[in-house]
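One structure is given here, and the rest of the page talks about it.
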Amino acid sequence: MESCHQSCQSGQSTSTFPRSVMEQVANHPCYSTTGSHRFARMHLAVAPACNIQCNYCNRKFDCSNESRPGVVSELLSPTQALRKAKYVASKIPQLSVIGIAGPGDPLANPHKTFRTLELLRQEMPDIRLCLSTNGLALPDLIPRIIDVGVEHVTITINTLDAYLAADIYEWVIFNGRKYRGVEAGQLLIDRQMEGLRKLLEHKVLVKVNSVLIPRINRDHLPVLSQELFRNQVFLHNVMPLIAKPEHGTVFGLNQEAEPTAEQLEDVRQKCGHNVAQMRHCQQCRADAIGMLGEDRSQQFNLNQLPEEETDYLPVMQKRAQIQADLVSAGAASEDNAYLVAVASDNGEQINQHFGHAKSFMIYSVGDEGVHFVQRRQVPQYCDGSEHCDDDESKMDTFTLLADIDAVFCCRIGLSPWEKLEQQKCEPVIDYAWQSIYESLKAWWEMKPHETLDQCQAG
């Protein structure tokens with residue numbers, strides 16, 4: 001697997017991050033340069049309100065020909081967002097991540113944001129969830145972020161200097177009060193850093209976006225990057241200010257200078273000595289759909305969706321095979337490649353009982369090696385009762401594993417063992433508490449190298 005130094009094109013290597021973290025970003029197009037060429041993202045515009053006013057921002061809801069943050073063609077309710085997400089996933093199998101990025105701030109719209117995330121987690125268990133925020137409301141909502149299974153959070157932090165912040169933000173609203181000037185800037189900075197540290201304590205991957213405004217924070221962003229390094233932020237995205245007069249922003253109307261290409265590269269180089277830099281950002285719309293560098297959002301407006309809801313289970317199973325092929329450079333397309341599930345709560349060892357797993361890590365295993373494909377959420381099979389093995393209401397777990405050829409766990413009851421075998425899935429407990437990669441390699445080497453079709457026919 002390539003190092004993060006190669007993936008993020010940074011002057012500072014983050015190869016010290018464990019393999020499980022690198023797997024967490026491998027199919028996220030924003031966190032991995034390689035992933036950006038293979039996987040697609042989708043932003044759901046369910047969060048219209050914002051709790052701060054940036055001088056570079058003017059949120060629009062009806063502009064279909066403009067590509068910049070804060071712009072969307074239509075706002076969605078949580079149920080509309082789910083319907084749209086299922087249909088998009090059926091048409092774009094490379095879709096790996098769904099995020100909420102606005103057009104306001106997701107955490108300033110907590111009901112809509114978390115209801116949408118809850119529906120996605122329930123109905124689309126193979127999709128990774130992420131969100132972007134200015135960080136003001138972040139510290140108080142981290143328990144909900146963790147509970148719903150958000151794996152990646154982007155925080156926009158433009159400065160750690162309250163006096164510079166006073167020139168970037170017009171106002172901040174917190175607990176029903178509007179703050180301005182240095183007081184607003186310091187409040188926002190304190191909340192951003194508190195939220196960032198709490199996320200990292202919960203092992204959520206954090207990317208920090210910073211808007212380069214040459215007059216204000218050109219010399220300060222390398223200082224910010226040093227603090228991000230001390231806090232083990234995974235990725236730093238220095239973005240150029242967009243300040244065209246026609247956008248109607250304060251900076252645009254006041255003719256605030258945008259950075260030159262040379263200024264942007266200089267700041268990225270200096271920040272890159274501290275934190276890996278994201279250089280492939282497209283400054284996407286808040287309703288962007290597709291691969292980075294393309295936007296297919298206008299193909300999926302609500303009035304273009306079919307009336308019937310998409311049946312997601314066959315879509316998910318088809319997507320798993322296609323995405324396995326994407327990450328394994330063809331291994332999944334070989335006749336003798338297996339799709340296997342691993343019960344692990346740390347991404348490193350096979351260390352969970354089948355009945356205790358709330359998710360399974362899916363791998364492609366074949367001649368070309370072991371390749372992580374996705375993490376798939378499932379209903380927890382055993383709830384701690386004495387008869388959980390016989391609870392027929394938990395059959396959804398097996399439905400969600402219907403396309404899997406083998407399940408690796410440290411223990412499993414007789415009833416689920418038999419149910420897995422009935423759907424031609426091999427339960428494996430021989431490698432309990434051992435390394436995932438080494439175990440899957442060893443298991444593969446012991447398998448007779450015949451095609452899956454031949455195995456199943458026999």
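Simple scheme: letters A, B, ... for chains in structure tokens order, numbers from 1 for residues in each chain, numbers from 1 for ligands in the order shown.
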
Inset, instruction - Within 12 Å of Val428 in chain A, counting only C-alpha atoms, which residues show up once you throw out same-chain ones fewer than 2 positions away? Write them as JSON, numbers by chain, please. - result: {"A": [340, 341, 342, 343, 350, 353, 354, 405, 406, 407, 408, 409, 410, 411, 412, 413, 417, 420, 421, 425, 426, 430, 431, 432, 439, 440, 443, 444]}

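For range 93-105 of chain A, the list of residues within 6 Å, based on only C-alpha atoms and with local chain neighbours fewer than 5 positions off taken out, reads Phe39, Ala40, Arg41, Met42, His43, Leu44, Ala45, Ala47, Pro48, Ala49, Cys50, Gly70, Ile127, Arg128, Leu129, Cys130, Leu131, Ser132, Thr133, Ala286 and Arg319 of chain A.
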
Inset, instruction - Using DSSP on the backbone coordinates, identify the residues of range 34-203 of chain A assigned to helix (DSSP H, G or I); present them as a PyMOL selection string. - result: chain A and resi 34-36+78-91+106-108+110-123+138-148+162-168+181-201

Inset, instruction - Skip Ile157 in chain A itself and residues of its chain fewer than 3 positions away, then list as number ranges by chain all residues within 9 Å of it, counting only C-alpha atoms. - result: A: 134-135, 160, 189, 192-193, 208-211, 224

List the neighbours of range 176-181 of chain A out to 10 Å using only C-alpha atoms; skip same-chain residues closer than 5 positions along the sequence, and give me the result as an mmCIF file with N, CA and C atoms, in the first residue's frame.
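Written output follows (out-v8.cif):
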```cif
data_model
loop_
_atom_site.group_PDB
_atom_site.id
_atom_site.type_symbol
_atom_site.label_atom_id
_atom_site.label_comp_id
_atom_site.auth_asym_id
_atom_site.auth_seq_id
_atom_site.Cartn_x
_atom_site.Cartn_y
_atom_site.Cartn_z
ATOM 1 N N ASN A 51 -24.471 29.313 11.540
ATOM 2 C CA ASN A 51 -24.320 30.029 12.801
ATOM 3 C C ASN A 51 -23.168 31.024 12.805
ATOM 4 N N ILE A 52 -22.496 31.172 11.660
ATOM 5 C CA ILE A 52 -21.496 32.227 11.511
ATOM 6 C C ILE A 52 -21.671 32.852 10.130
ATOM 7 N N ALA A 162 -7.380 35.614 17.062
ATOM 8 C CA ALA A 162 -8.708 36.221 17.133
ATOM 9 C C ALA A 162 -8.782 37.544 16.382
ATOM 10 N N TYR A 163 -7.661 38.269 16.298
ATOM 11 C CA TYR A 163 -7.675 39.543 15.581
ATOM 12 C C TYR A 163 -7.784 39.319 14.076
ATOM 13 N N LEU A 164 -7.126 38.295 13.576
ATOM 14 C CA LEU A 164 -7.289 37.947 12.162
ATOM 15 C C LEU A 164 -8.699 37.436 11.916
ATOM 16 N N ALA A 165 -9.224 36.649 12.853
ATOM 17 C CA ALA A 165 -10.579 36.120 12.699
ATOM 18 C C ALA A 165 -11.604 37.240 12.607
ATOM 19 N N ALA A 166 -11.377 38.329 13.314
ATOM 20 C CA ALA A 166 -12.318 39.453 13.282
ATOM 21 C C ALA A 166 -12.415 40.055 11.889
ATOM 22 N N ASP A 167 -11.382 39.866 11.087
ATOM 23 C CA ASP A 167 -11.391 40.370 9.703
ATOM 24 C C ASP A 167 -11.985 39.354 8.730
ATOM 25 N N ILE A 168 -12.138 38.108 9.171
ATOM 26 C CA ILE A 168 -12.658 37.048 8.300
ATOM 27 C C ILE A 168 -14.140 36.820 8.508
ATOM 28 N N TYR A 169 -14.604 36.972 9.744
ATOM 29 C CA TYR A 169 -16.000 36.657 10.088
ATOM 30 C C TYR A 169 -16.735 37.928 10.498
ATOM 31 N N GLU A 170 -17.941 38.096 9.972
ATOM 32 C CA GLU A 170 -18.748 39.262 10.321
ATOM 33 C C GLU A 170 -19.402 39.093 11.680
ATOM 34 N N TRP A 171 -19.923 37.898 11.934
ATOM 35 C CA TRP A 171 -20.534 37.611 13.230
ATOM 36 C C TRP A 171 -20.570 36.119 13.497
ATOM 37 N N GLN A 186 -12.384 34.787 18.925
ATOM 38 C CA GLN A 186 -11.821 33.932 19.966
ATOM 39 C C GLN A 186 -12.784 32.816 20.356
ATOM 40 N N LEU A 187 -14.075 33.135 20.431
ATOM 41 C CA LEU A 187 -15.080 32.119 20.743
ATOM 42 C C LEU A 187 -15.059 31.006 19.708
ATOM 43 N N LEU A 188 -15.042 31.383 18.440
ATOM 44 C CA LEU A 188 -15.041 30.379 17.379
ATOM 45 C C LEU A 188 -13.782 29.524 17.435
#
```

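Distances to Phe372 in chain A were evaluated for A:Leu76, A:Leu339, A:Leu414, A:Leu221 using only C-alpha atoms, and the minimum falls at A:Leu339.
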
Inset, instruction - Find the residue from A:Ala261, A:Leu235, A:Ala184, A:Val172 that sits nearest to Lys207 in chain A; use only C-alpha atoms when measuring. - result: A:Leu235
